[in-house]
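Enquirer: What follows is a single structure, and I will ask about it in a moment.
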Amino acid sequence: MENKKFKLVDIIFETEGCDVGVVLDRVLKRTPDDIIMDMIDSGLRGRGGAGFPTGLKWKFTRSESAYDKYIICNADEGEPGTFKDREILEKVPMKVFTGMAIAGYAIDAKEGFIYIRGEYRFLQKKLQSQIDEFNQMLENKGLDFKIALRWGSGAYICGEESALFESMEGKRGEPRNKPPYPTVAGFRNKPTVINNVETLVYATMINKYGADKFKELGTRDSRGSKVFSVSGDTPKAGIYELEMGLQVSEFVKEFGDGDTKAVQIGGAGGTCVPRKKFEDMIIGYEGVPTGGSMMIFNSSRSMYNVLHDYLEFFAEESCGQCTPCRVGCQQLLKGIEAVKRGERPPSYLDDLKSLAASMKIASKCGLGQSVANPFSTIIDNFREEVIY
Amino acid sequence: MTDVKELIQAKVKCIGAKREALMPILQAIVEEKNYLNEEDMIQVAEALDLSTADVYGTATFYTFLDTVPRGKYVIRVCKTISCHMAGKDEIVDTLKDLLKVDLGETTPDKNFTLMQANCMGWCHKGPVMLVNDDIYTELTKDKVIKIIHDYMGS
């Protein structure tokens with residue numbers, strides 16, 4: 001497998017010489033089809049974590065014939081260990097808005113919304129005035145596109161795209177059945193492009209520099225760079241933009257405190273990589289994918305406590321709509337507690353693993369489906385810590 | 001205090017008297033009153049032509065849309081793993097001592113409600129807490145005491 005060395009990149013937060021007005025002017029001189037071809041060619045995949053090719057998402061939505069279409073920026077960043085989207089919106093908001101406007105031009109949408117989590121309410125005044133300024137700029141350029149803000153209210157599940165639409169429509173944030181996918185029936189049941197904050201900034205930058213510069217970075221399956229949120233047992237907690245395809249061992253060498261036992265890649269719903277596998281794993285779609293959350297644990301940490309925290313999180317944040325997830329999350333939590341207290345034999349962990357595997361198949365959305373990731377990787381690699 | 005009717009009308013004016021206005025309206029009421037009481041939810045239901053059960057059902061889905069009385073300042077300490085590892089337990093204990101309340105309770109003077117919440121997106125600067133909309137990061141015992149005293153004085 002192709003892997004990359006540690007390399008800091010400065011595309012997302014680069015502000016020098018980045019006049020979004022100039023980028024937009026260049027975009028408006030080209031056809032929407034050309035813009036979409038470029039996005040497909042760049043290999044950009046969604047930076048929220050799921051990694052769907054952005055260009056294809058735009059292409060599918062463009063090919064829908066509905067009169068009303070929407071662009072939604074998903075800023076409901078709630079995955080434990082992720083804080084990059086807030087930083088991006090605070091530091092380079094105009095580049096996010098520009099990505100939305102480019103998407104709007106490409107698929108022929110007139111309205112865009114930013115759905116942002118309630119925990120970031122302190123950003124409201126500044127963000128609203130920046131949006132007003134941007135909308136005014138679009139009007140001056142004659143582009144028929146407007147951006148509005150919508151707020152979440154403390155529900156993790158609303159970061160799931162169809163739950164987010166429900167919430168924006170004034171309902172409980174319960175995920176919908178798929179298909180239909182958002183490109184066909186999203187917000188207000190109209191074709192919708194929903195992209196993560198970071199993805200939209202890359203869309204802007206690909207239109208500034210061209211697809212080739214983006215493609216130079218990363219590996220065949222994971223093109224470009226990505227913003228990582230690094231936290232836990234590290235002397236260098238913070239936000240870093242790195243080339244994709246980095247080996248976990250390289251990451252640990254750079255960010256670990258010398259005593260790293262495990263790295264949780266992809267947040268609570270992600271994968272736990274233990275020390276013995278640092279050399280075999282690559283951070284990217286061909287290895288361990290992530291929306292950017294990188295939590296580092298050193299040998300002083302109990303992995304039982306880590307798993308317990310994650311399960312408590314999922315049990316609270318499960319929307320409760322489908323049984324596998326609602327009941328499954330609670331039972332996994334109760335199950336590991338029972339094993340820890342010695343009320344159940346260690347072999348009960350294997351029963352719990354098969355419950356997690358069922359949740360992966362039977363749950364309606366990504367929340368219930370992803371609980372098996374941390375569960376099985378922590379149980380498999382740190383079984384003793386969970387039992388004793 | 002702004003009248004709830006006015007709050008509803010302001011949102012209806014920019015979004016329309018439709019269900020899509022529900023969240024922004026409920027958020028505006030909570031911002032003003034810290035929670036949603038029954039009368040207010042009934043008013044919202046009438047304005048948007050929804051059943052009151054529907055309004056209540058939606059509100060109770062969201063952690064920040066409280067339907068029981070809360071203090072003037074709602075404190076939410078992040079309890080998710082990074083903040084946990086950074087020492088949120090000491091922060092919670094400090095707050096309990098200081099305010100003489102347990103988690104989920106409101107002080108008798110109705111000034112503070114103490115709660116925990118899931119990840120708030122500041123994992124590199126834990127422990128953190130929200131006091132209403134304001135975020136406080138890299139908390140220590142002393143820092144928390146000072147912050148709360150400032151709120152008590154205001």
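Ordering of the structure tokens sets the chain letters (A, B, ...), residue numbers begin anew at 1 in every chain, and ligands are numbered from 1 in the order given.
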Find the residues of chain A in contact range of chain B, meaning any atom within 6 Å when counting only C-alpha atoms, and list them as a list in words.

Expert: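 Residues satisfying the distance criterion: Pro80, Gly81, Thr82, Phe83, Arg121, Phe122, Ser153, Gly154, Ala155, Glu169, Gly170, Lys171, Arg172, Ser231, Gly232, Ala237 and Gly238 of chain A.
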
Enquirer: Could those selected residues go to a file with all heavy atoms, as a compact mmCIF listing (two decimals), in the first residue's frame?

Expert:
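Produced file selection-v4.txt, reproduced below:
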# COMPACT_ATOMS: atom_id res chain seq x y z
N PRO A 80 -17.12 13.30 18.73
CA PRO A 80 -16.12 13.55 19.76
C PRO A 80 -14.71 13.56 19.17
O PRO A 80 -14.36 12.70 18.38
CB PRO A 80 -16.30 12.36 20.70
CG PRO A 80 -17.75 12.02 20.58
CD PRO A 80 -18.07 12.25 19.13
N GLY A 81 -13.97 14.58 19.55
CA GLY A 81 -12.60 14.69 19.03
C GLY A 81 -12.47 15.54 17.80
O GLY A 81 -11.39 15.70 17.26
N THR A 82 -13.58 16.09 17.31
CA THR A 82 -13.53 16.93 16.11
C THR A 82 -13.84 18.38 16.46
O THR A 82 -14.83 18.66 17.13
CB THR A 82 -14.56 16.47 15.06
OG1 THR A 82 -14.60 15.06 15.06
CG2 THR A 82 -14.20 16.96 13.70
N PHE A 83 -12.99 19.28 16.00
CA PHE A 83 -13.26 20.70 16.26
C PHE A 83 -12.76 21.57 15.12
O PHE A 83 -12.64 22.77 15.25
CB PHE A 83 -12.62 21.14 17.59
CG PHE A 83 -11.27 20.52 17.87
CD1 PHE A 83 -10.11 21.18 17.52
CD2 PHE A 83 -11.18 19.28 18.48
CE1 PHE A 83 -8.86 20.61 17.77
CE2 PHE A 83 -9.93 18.70 18.72
CZ PHE A 83 -8.78 19.36 18.37
N ARG A 121 -23.05 28.78 19.21
CA ARG A 121 -23.92 29.95 19.14
C ARG A 121 -23.16 31.28 19.33
O ARG A 121 -23.57 32.31 18.85
CB ARG A 121 -24.98 29.82 20.24
CG ARG A 121 -26.17 30.74 20.09
CD ARG A 121 -27.24 30.15 19.19
NE ARG A 121 -28.35 31.07 19.03
CZ ARG A 121 -29.39 30.83 18.26
NH1 ARG A 121 -29.47 29.72 17.59
NH2 ARG A 121 -30.35 31.72 18.15
N PHE A 122 -22.03 31.18 20.06
CA PHE A 122 -21.25 32.40 20.31
C PHE A 122 -20.71 33.00 19.00
O PHE A 122 -20.28 34.13 18.97
CB PHE A 122 -20.10 32.12 21.27
CG PHE A 122 -19.08 31.14 20.75
CD1 PHE A 122 -17.95 31.59 20.10
CD2 PHE A 122 -19.29 29.77 20.86
CE1 PHE A 122 -17.03 30.69 19.58
CE2 PHE A 122 -18.38 28.87 20.35
CZ PHE A 122 -17.25 29.33 19.71
N SER A 153 -29.72 22.32 18.02
CA SER A 153 -29.98 22.54 19.45
C SER A 153 -29.47 21.40 20.30
O SER A 153 -30.16 20.88 21.16
CB SER A 153 -31.48 22.76 19.69
OG SER A 153 -31.79 24.14 19.60
N GLY A 154 -28.25 20.98 20.02
CA GLY A 154 -27.63 19.99 20.89
C GLY A 154 -28.00 18.55 20.62
O GLY A 154 -28.12 17.77 21.55
N ALA A 155 -28.20 18.19 19.36
CA ALA A 155 -28.47 16.79 19.03
C ALA A 155 -27.41 16.31 18.04
O ALA A 155 -27.36 16.76 16.90
CB ALA A 155 -29.86 16.62 18.43
N GLU A 169 -36.46 21.24 8.76
CA GLU A 169 -37.89 21.35 8.43
C GLU A 169 -38.74 21.48 9.69
O GLU A 169 -39.96 21.48 9.62
CB GLU A 169 -38.32 20.12 7.61
CG GLU A 169 -37.71 20.11 6.21
CD GLU A 169 -37.95 18.80 5.45
OE1 GLU A 169 -38.74 17.97 5.94
OE2 GLU A 169 -37.33 18.62 4.39
N GLY A 170 -38.09 21.59 10.84
CA GLY A 170 -38.82 21.83 12.08
C GLY A 170 -39.29 20.58 12.79
O GLY A 170 -40.21 20.63 13.61
N LYS A 171 -38.67 19.45 12.47
CA LYS A 171 -39.11 18.20 13.08
C LYS A 171 -38.05 17.62 14.01
O LYS A 171 -36.95 18.14 14.10
CB LYS A 171 -39.45 17.19 11.97
CG LYS A 171 -40.57 17.66 11.07
CD LYS A 171 -40.78 16.68 9.95
CE LYS A 171 -41.02 17.40 8.63
NZ LYS A 171 -40.71 16.58 7.48
N ARG A 172 -38.40 16.52 14.65
CA ARG A 172 -37.40 15.78 15.43
C ARG A 172 -36.32 15.31 14.46
O ARG A 172 -36.62 14.91 13.35
CB ARG A 172 -38.06 14.55 16.08
CG ARG A 172 -39.06 14.87 17.14
CD ARG A 172 -39.92 13.66 17.49
NE ARG A 172 -39.16 12.60 18.13
CZ ARG A 172 -38.95 12.52 19.44
NH1 ARG A 172 -39.46 13.43 20.25
NH2 ARG A 172 -38.26 11.54 19.96
N SER A 231 -6.22 15.43 19.65
CA SER A 231 -6.45 15.66 21.08
C SER A 231 -6.07 14.43 21.89
O SER A 231 -5.65 13.42 21.34
CB SER A 231 -7.92 16.03 21.34
OG SER A 231 -8.74 14.90 21.11
N GLY A 232 -6.20 14.52 23.19
CA GLY A 232 -5.84 13.41 24.08
C GLY A 232 -4.44 13.57 24.62
O GLY A 232 -4.01 14.70 24.91
N ALA A 237 -1.72 19.17 21.02
CA ALA A 237 -3.14 19.14 20.67
C ALA A 237 -3.48 20.36 19.81
O ALA A 237 -2.98 21.45 20.05
CB ALA A 237 -3.98 19.16 21.95
N GLY A 238 -4.34 20.16 18.82
CA GLY A 238 -4.72 21.29 17.98
C GLY A 238 -5.15 20.83 16.60
O GLY A 238 -5.49 19.66 16.40

Enquirer: Write out as a VMD selection string each polymer residue whose atoms come within 12 Å of B:Val68, counting only C-alpha atoms; drop sequence neighbours fewer than 6 positions from it.

Expert: chain B and resid 30 33 to 38 56 59 to 60 104 to 106 113

Enquirer: Selection from above, N, CA and C atoms, as a PDB file, in the first residue's frame, can you write it?

Expert:
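Output file result_11.pdb is given in full below:
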ATOM      1  N   VAL B  30     -36.170  30.038  24.109  1.00  0.00           N
ATOM      2  CA  VAL B  30     -35.219  29.532  25.110  1.00  0.00           C
ATOM      3  C   VAL B  30     -34.138  30.581  25.383  1.00  0.00           C
ATOM      4  N   LYS B  33     -36.033  33.080  27.681  1.00  0.00           N
ATOM      5  CA  LYS B  33     -36.583  32.630  28.970  1.00  0.00           C
ATOM      6  C   LYS B  33     -35.866  31.448  29.600  1.00  0.00           C
ATOM      7  N   ASN B  34     -34.864  30.887  28.877  1.00  0.00           N
ATOM      8  CA  ASN B  34     -34.090  29.729  29.336  1.00  0.00           C
ATOM      9  C   ASN B  34     -34.832  28.398  29.283  1.00  0.00           C
ATOM     10  N   TYR B  35     -36.134  28.420  29.073  1.00  0.00           N
ATOM     11  CA  TYR B  35     -36.851  27.155  28.871  1.00  0.00           C
ATOM     12  C   TYR B  35     -38.195  27.432  28.210  1.00  0.00           C
ATOM     13  N   LEU B  36     -38.862  26.338  27.815  1.00  0.00           N
ATOM     14  CA  LEU B  36     -40.160  26.469  27.152  1.00  0.00           C
ATOM     15  C   LEU B  36     -41.249  26.047  28.128  1.00  0.00           C
ATOM     16  N   ASN B  37     -42.160  26.940  28.450  1.00  0.00           N
ATOM     17  CA  ASN B  37     -43.256  26.501  29.307  1.00  0.00           C
ATOM     18  C   ASN B  37     -44.469  26.115  28.462  1.00  0.00           C
ATOM     19  N   GLU B  38     -45.455  25.522  29.115  1.00  0.00           N
ATOM     20  CA  GLU B  38     -46.591  24.976  28.375  1.00  0.00           C
ATOM     21  C   GLU B  38     -47.348  26.032  27.577  1.00  0.00           C
ATOM     22  N   TYR B  56     -44.335  19.927  21.430  1.00  0.00           N
ATOM     23  CA  TYR B  56     -43.677  19.364  22.610  1.00  0.00           C
ATOM     24  C   TYR B  56     -42.751  18.215  22.208  1.00  0.00           C
ATOM     25  N   ALA B  59     -39.638  19.653  20.633  1.00  0.00           N
ATOM     26  CA  ALA B  59     -38.782  20.325  21.612  1.00  0.00           C
ATOM     27  C   ALA B  59     -38.012  19.322  22.463  1.00  0.00           C
ATOM     28  N   THR B  60     -38.705  18.273  22.908  1.00  0.00           N
ATOM     29  CA  THR B  60     -38.059  17.330  23.827  1.00  0.00           C
ATOM     30  C   THR B  60     -36.998  16.471  23.149  1.00  0.00           C
ATOM     31  N   GLY B 104     -27.969  18.563  37.201  1.00  0.00           N
ATOM     32  CA  GLY B 104     -29.370  18.620  36.809  1.00  0.00           C
ATOM     33  C   GLY B 104     -30.200  19.546  37.680  1.00  0.00           C
ATOM     34  N   GLU B 105     -29.595  20.087  38.746  1.00  0.00           N
ATOM     35  CA  GLU B 105     -30.372  20.936  39.660  1.00  0.00           C
ATOM     36  C   GLU B 105     -30.127  22.426  39.409  1.00  0.00           C
ATOM     37  N   THR B 106     -31.071  23.216  39.924  1.00  0.00           N
ATOM     38  CA  THR B 106     -30.989  24.668  39.805  1.00  0.00           C
ATOM     39  C   THR B 106     -30.855  25.269  41.202  1.00  0.00           C
ATOM     40  N   THR B 113     -28.132  26.691  36.710  1.00  0.00           N
ATOM     41  CA  THR B 113     -28.454  25.271  36.576  1.00  0.00           C
ATOM     42  C   THR B 113     -27.166  24.571  36.175  1.00  0.00           C
TER      43      THR B 113
END

Enquirer: Using backbone DSSP assignments, extract all helix (DSSP H, G or I) residues from stretch 270-312 of chain A; output them as a list in words.

Expert: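 Taking stretch 270-312 of chain A and keeping helix (DSSP H, G or I) only, one gets Arg275, Lys276, Lys277, Met303, Tyr304, Asn305, Val306, Leu307, His308, Asp309, Tyr310, Leu311 and Glu312 of chain A.
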
Enquirer: Given the selection you just returned, output its residues as a file containing N, CA and C atoms, formatted as a PDB file, in the first residue's frame.

Expert:
ATOM      1  N   ARG A 275      -1.054  -0.055  19.437  1.00  0.00           N
ATOM      2  CA  ARG A 275       0.360   0.166  19.113  1.00  0.00           C
ATOM      3  C   ARG A 275       0.899  -0.847  18.099  1.00  0.00           C
ATOM      4  N   LYS A 276       0.540  -2.122  18.282  1.00  0.00           N
ATOM      5  CA  LYS A 276       1.119  -3.147  17.405  1.00  0.00           C
ATOM      6  C   LYS A 276       0.674  -3.023  15.945  1.00  0.00           C
ATOM      7  N   LYS A 277      -0.325  -2.205  15.713  1.00  0.00           N
ATOM      8  CA  LYS A 277      -0.785  -2.060  14.319  1.00  0.00           C
ATOM      9  C   LYS A 277      -0.445  -0.695  13.715  1.00  0.00           C
ATOM     10  N   MET A 303      -8.588   1.535  28.725  1.00  0.00           N
ATOM     11  CA  MET A 303      -9.405   1.485  27.509  1.00  0.00           C
ATOM     12  C   MET A 303     -10.840   1.093  27.834  1.00  0.00           C
ATOM     13  N   TYR A 304     -11.054   0.513  29.023  1.00  0.00           N
ATOM     14  CA  TYR A 304     -12.431   0.254  29.451  1.00  0.00           C
ATOM     15  C   TYR A 304     -13.152   1.600  29.627  1.00  0.00           C
ATOM     16  N   ASN A 305     -12.465   2.544  30.284  1.00  0.00           N
ATOM     17  CA  ASN A 305     -13.084   3.853  30.483  1.00  0.00           C
ATOM     18  C   ASN A 305     -13.363   4.561  29.159  1.00  0.00           C
ATOM     19  N   VAL A 306     -12.436   4.386  28.222  1.00  0.00           N
ATOM     20  CA  VAL A 306     -12.627   5.004  26.907  1.00  0.00           C
ATOM     21  C   VAL A 306     -13.875   4.429  26.247  1.00  0.00           C
ATOM     22  N   LEU A 307     -13.958   3.092  26.224  1.00  0.00           N
ATOM     23  CA  LEU A 307     -15.117   2.446  25.593  1.00  0.00           C
ATOM     24  C   LEU A 307     -16.408   2.806  26.330  1.00  0.00           C
ATOM     25  N   HIS A 308     -16.331   2.850  27.647  1.00  0.00           N
ATOM     26  CA  HIS A 308     -17.501   3.189  28.454  1.00  0.00           C
ATOM     27  C   HIS A 308     -17.998   4.590  28.090  1.00  0.00           C
ATOM     28  N   ASP A 309     -17.074   5.525  27.950  1.00  0.00           N
ATOM     29  CA  ASP A 309     -17.421   6.893  27.560  1.00  0.00           C
ATOM     30  C   ASP A 309     -18.124   6.922  26.207  1.00  0.00           C
ATOM     31  N   TYR A 310     -17.563   6.200  25.243  1.00  0.00           N
ATOM     32  CA  TYR A 310     -18.148   6.177  23.896  1.00  0.00           C
ATOM     33  C   TYR A 310     -19.556   5.592  23.930  1.00  0.00           C
ATOM     34  N   LEU A 311     -19.720   4.484  24.672  1.00  0.00           N
ATOM     35  CA  LEU A 311     -21.027   3.829  24.682  1.00  0.00           C
ATOM     36  C   LEU A 311     -22.069   4.701  25.378  1.00  0.00           C
ATOM     37  N   GLU A 312     -21.632   5.379  26.428  1.00  0.00           N
ATOM     38  CA  GLU A 312     -22.547   6.292  27.122  1.00  0.00           C
ATOM     39  C   GLU A 312     -22.978   7.397  26.154  1.00  0.00           C
TER      40      GLU A 312
END

Enquirer: Can you list, as an NGL selection string, every protein, DNA or RNA residue that comes within 8 Å of stretch 27-31 of chain A when you count only C-alpha atoms, leaving out same-chain residues fewer than 3 positions away?

Expert: :A and (23-24 or 34-35 or 102 or 105-106 or 207)

Enquirer: Output C-alpha atoms of each residue in that selection to a file, as a short mmCIF file (atom, residue, chain, number, x, y, z; two decimals), in the first residue's frame.

Expert:
data_model
loop_
_atom_site.label_atom_id
_atom_site.label_comp_id
_atom_site.auth_asym_id
_atom_site.auth_seq_id
_atom_site.Cartn_x
_atom_site.Cartn_y
_atom_site.Cartn_z
CA VAL A 23 -12.12 32.80 -7.65
CA LEU A 24 -15.85 33.37 -8.17
CA ASP A 34 -16.69 22.09 -16.61
CA ILE A 35 -16.71 22.94 -12.90
CA ILE A 102 -19.72 27.49 -6.57
CA TYR A 105 -23.76 27.69 -9.66
CA ALA A 106 -22.77 24.14 -10.64
CA ASN A 207 -11.31 26.19 -8.34
#

Enquirer: Write out as an mmCIF file with all heavy atoms, in the first residue's frame the residues lying within 12 Å of B:Glu6, counting only C-alpha atoms and excluding same-chain residues fewer than 5 positions away.

Expert:
data_model
loop_
_atom_site.group_PDB
_atom_site.id
_atom_site.type_symbol
_atom_site.label_atom_id
_atom_site.label_comp_id
_atom_site.auth_asym_id
_atom_site.auth_seq_id
_atom_site.Cartn_x
_atom_site.Cartn_y
_atom_site.Cartn_z
ATOM 1 N N MET B 1 -38.760 42.040 29.415
ATOM 2 C CA MET B 1 -38.700 40.767 28.691
ATOM 3 C C MET B 1 -39.591 40.817 27.440
ATOM 4 O O MET B 1 -40.739 41.244 27.501
ATOM 5 C CB MET B 1 -39.145 39.634 29.622
ATOM 6 C CG MET B 1 -38.939 38.267 29.012
ATOM 7 S SD MET B 1 -39.398 36.943 30.149
ATOM 8 C CE MET B 1 -37.938 36.826 31.161
ATOM 9 N N LYS B 11 -39.961 35.729 13.810
ATOM 10 C CA LYS B 11 -39.457 34.578 13.037
ATOM 11 C C LYS B 11 -40.392 34.247 11.876
ATOM 12 O O LYS B 11 -39.938 33.914 10.783
ATOM 13 C CB LYS B 11 -39.302 33.347 13.941
ATOM 14 C CG LYS B 11 -38.218 33.490 15.000
ATOM 15 C CD LYS B 11 -36.831 33.554 14.386
ATOM 16 C CE LYS B 11 -35.777 33.872 15.439
ATOM 17 N NZ LYS B 11 -34.473 34.229 14.859
ATOM 18 N N VAL B 12 -41.701 34.335 12.157
ATOM 19 C CA VAL B 12 -42.671 34.046 11.095
ATOM 20 C C VAL B 12 -42.490 35.020 9.934
ATOM 21 O O VAL B 12 -42.587 34.652 8.766
ATOM 22 C CB VAL B 12 -44.112 34.100 11.645
ATOM 23 C CG1 VAL B 12 -45.127 34.199 10.520
ATOM 24 C CG2 VAL B 12 -44.397 32.867 12.505
ATOM 25 N N LYS B 13 -42.166 36.254 10.285
ATOM 26 C CA LYS B 13 -41.980 37.278 9.253
ATOM 27 C C LYS B 13 -40.839 36.906 8.304
ATOM 28 O O LYS B 13 -40.948 37.086 7.093
ATOM 29 C CB LYS B 13 -41.670 38.628 9.918
ATOM 30 C CG LYS B 13 -42.124 39.817 9.089
ATOM 31 C CD LYS B 13 -41.878 41.108 9.822
ATOM 32 C CE LYS B 13 -41.401 42.167 8.848
ATOM 33 N NZ LYS B 13 -40.750 43.268 9.541
ATOM 34 N N ILE B 25 -38.040 29.496 16.239
ATOM 35 C CA ILE B 25 -38.914 30.106 17.243
ATOM 36 C C ILE B 25 -38.615 29.541 18.631
ATOM 37 O O ILE B 25 -38.424 30.284 19.593
ATOM 38 C CB ILE B 25 -40.417 29.876 16.901
ATOM 39 C CG1 ILE B 25 -40.813 30.699 15.680
ATOM 40 C CG2 ILE B 25 -41.313 30.224 18.094
ATOM 41 C CD1 ILE B 25 -42.215 30.398 15.164
ATOM 42 N N ALA B 28 -35.437 30.875 19.937
ATOM 43 C CA ALA B 28 -35.534 32.273 20.373
ATOM 44 C C ALA B 28 -36.186 32.375 21.750
ATOM 45 O O ALA B 28 -35.778 33.179 22.600
ATOM 46 C CB ALA B 28 -36.322 33.088 19.344
ATOM 47 N N ILE B 29 -37.199 31.542 21.987
ATOM 48 C CA ILE B 29 -37.871 31.575 23.295
ATOM 49 C C ILE B 29 -36.916 31.106 24.392
ATOM 50 O O ILE B 29 -36.826 31.714 25.459
ATOM 51 C CB ILE B 29 -39.160 30.706 23.292
ATOM 52 C CG1 ILE B 29 -40.166 31.262 22.287
ATOM 53 C CG2 ILE B 29 -39.784 30.650 24.688
ATOM 54 C CD1 ILE B 29 -41.403 30.396 22.092
ATOM 55 N N GLU B 32 -34.514 33.689 25.365
ATOM 56 C CA GLU B 32 -35.108 34.753 26.164
ATOM 57 C C GLU B 32 -35.453 34.278 27.582
ATOM 58 O O GLU B 32 -35.212 34.962 28.560
ATOM 59 C CB GLU B 32 -36.381 35.228 25.441
ATOM 60 C CG GLU B 32 -37.008 36.469 26.003
ATOM 61 C CD GLU B 32 -36.164 37.708 25.774
ATOM 62 O OE1 GLU B 32 -35.400 37.749 24.797
ATOM 63 O OE2 GLU B 32 -36.261 38.628 26.613
ATOM 64 N N ASP B 40 -46.320 28.824 26.386
ATOM 65 C CA ASP B 40 -45.560 29.278 25.217
ATOM 66 C C ASP B 40 -45.633 28.266 24.081
ATOM 67 O O ASP B 40 -45.798 28.630 22.916
ATOM 68 C CB ASP B 40 -44.096 29.524 25.596
ATOM 69 C CG ASP B 40 -43.949 30.699 26.561
ATOM 70 O OD1 ASP B 40 -44.917 31.478 26.662
ATOM 71 O OD2 ASP B 40 -42.899 30.820 27.204
ATOM 72 N N GLN B 43 -48.917 28.555 22.378
ATOM 73 C CA GLN B 43 -48.929 29.723 21.478
ATOM 74 C C GLN B 43 -48.217 29.428 20.163
ATOM 75 O O GLN B 43 -48.681 29.818 19.090
ATOM 76 C CB GLN B 43 -48.193 30.885 22.158
ATOM 77 C CG GLN B 43 -49.071 31.739 23.041
ATOM 78 C CD GLN B 43 -48.430 33.110 23.238
ATOM 79 O OE1 GLN B 43 -48.176 33.813 22.273
ATOM 80 N NE2 GLN B 43 -48.165 33.465 24.478
ATOM 81 N N VAL B 44 -47.057 28.750 20.263
ATOM 82 C CA VAL B 44 -46.286 28.424 19.065
ATOM 83 C C VAL B 44 -47.105 27.491 18.173
ATOM 84 O O VAL B 44 -47.190 27.679 16.956
ATOM 85 C CB VAL B 44 -44.936 27.758 19.434
ATOM 86 C CG1 VAL B 44 -44.202 27.289 18.183
ATOM 87 C CG2 VAL B 44 -44.058 28.713 20.224
ATOM 88 N N ALA B 47 -49.718 29.431 16.336
ATOM 89 C CA ALA B 47 -49.170 30.301 15.290
ATOM 90 C C ALA B 47 -48.766 29.526 14.043
ATOM 91 O O ALA B 47 -48.876 30.018 12.933
ATOM 92 C CB ALA B 47 -47.974 31.074 15.839
#

Enquirer: Please list as a list in words every residue within 12 Å of B:Ile148, counting only C-alpha atoms and excluding residues in the same chain fewer than 3 positions away.

Expert: Tyr73, Val74, Ile75, Ile91, Thr94, Leu95, Lys96, Asp97, Leu98, Leu99, Asn111, Phe112, Thr113, Leu114, Met129, Leu130, Val131, Tyr136, Leu139, Lys141, Asp142, Lys143, Val144, Ile145, Tyr151, Met152, Gly153 and Ser154 of chain B

Enquirer: Calculate how many Å separate atom CA of A:Ser358 from atom CA of A:Cys325, rounding to one decimal.

Expert: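 It comes out at 9.6 Å.
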
Enquirer: I'd like the neighbourhood of stretch 110-116 of chain A as a list in words, where a residue qualifies if any of its atoms comes within 7 Å (using only C-alpha atoms), though same-chain residues fewer than 3 positions away should be ignored.

Expert: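 The residues satisfying every condition are Tyr70, Ile71, Ile72, Cys73, Asn74, Ala75, Asp76, Met100, Gly104, Asp144, Phe145, Lys146, Ile147, Ala148, Leu149, Arg150, Trp151 and Gly152 of chain A.
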
Enquirer: Give the strand (DSSP E) residues of stretch 28-139 of chain A, as assigned by DSSP on the backbone, as a VMD selection string.

Expert: chain A and resid 70 to 75 111 to 116

Enquirer: Mind checking which residues fall within 7 Å of A:Met359, counting only C-alpha atoms, ignoring those fewer than 3 positions away in the same chain, and posting them as a PDB file with C-alpha atoms, in the first residue's frame?

Expert:
ATOM      1  CA  PRO A 324     -31.243  -2.083  16.969  1.00  0.00           C
ATOM      2  CA  CYS A 325     -29.598   1.223  17.831  1.00  0.00           C
ATOM      3  CA  GLY A 328     -28.310  -2.064  21.276  1.00  0.00           C
ATOM      4  CA  LEU A 355     -24.897  -7.731  19.009  1.00  0.00           C
ATOM      5  CA  ALA A 356     -22.708  -4.879  17.712  1.00  0.00           C
ATOM      6  CA  ALA A 362     -29.824  -3.572  11.036  1.00  0.00           C
ATOM      7  CA  SER A 363     -29.547   0.061  12.190  1.00  0.00           C
ATOM      8  CA  GLY A 368     -26.088   2.648  15.084  1.00  0.00           C
ATOM      9  CA  GLN A 369     -24.045   1.198  12.233  1.00  0.00           C
TER      10      GLN A 369
END

Enquirer: What is the distance between atom CA of A:Gly49 and atom CA of A:Met281, in Å to one decimal?

Expert: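 Computing it gives 17.0 Å between the two atoms.
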
Enquirer: Mind pulling up the distance from atom CA of A:Ile107 to atom CA of A:Glu16?

Expert: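 So the two atoms, atom CA of A:Glu16 and atom CA of A:Ile107, lie 29.0 Å apart.
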
Enquirer: Could you tell me which of A:Lys59, A:Arg47, A:Lys261, A:Arg117 comes closest to A:Arg86 if we count only C-alpha atoms?

Expert: A:Arg117
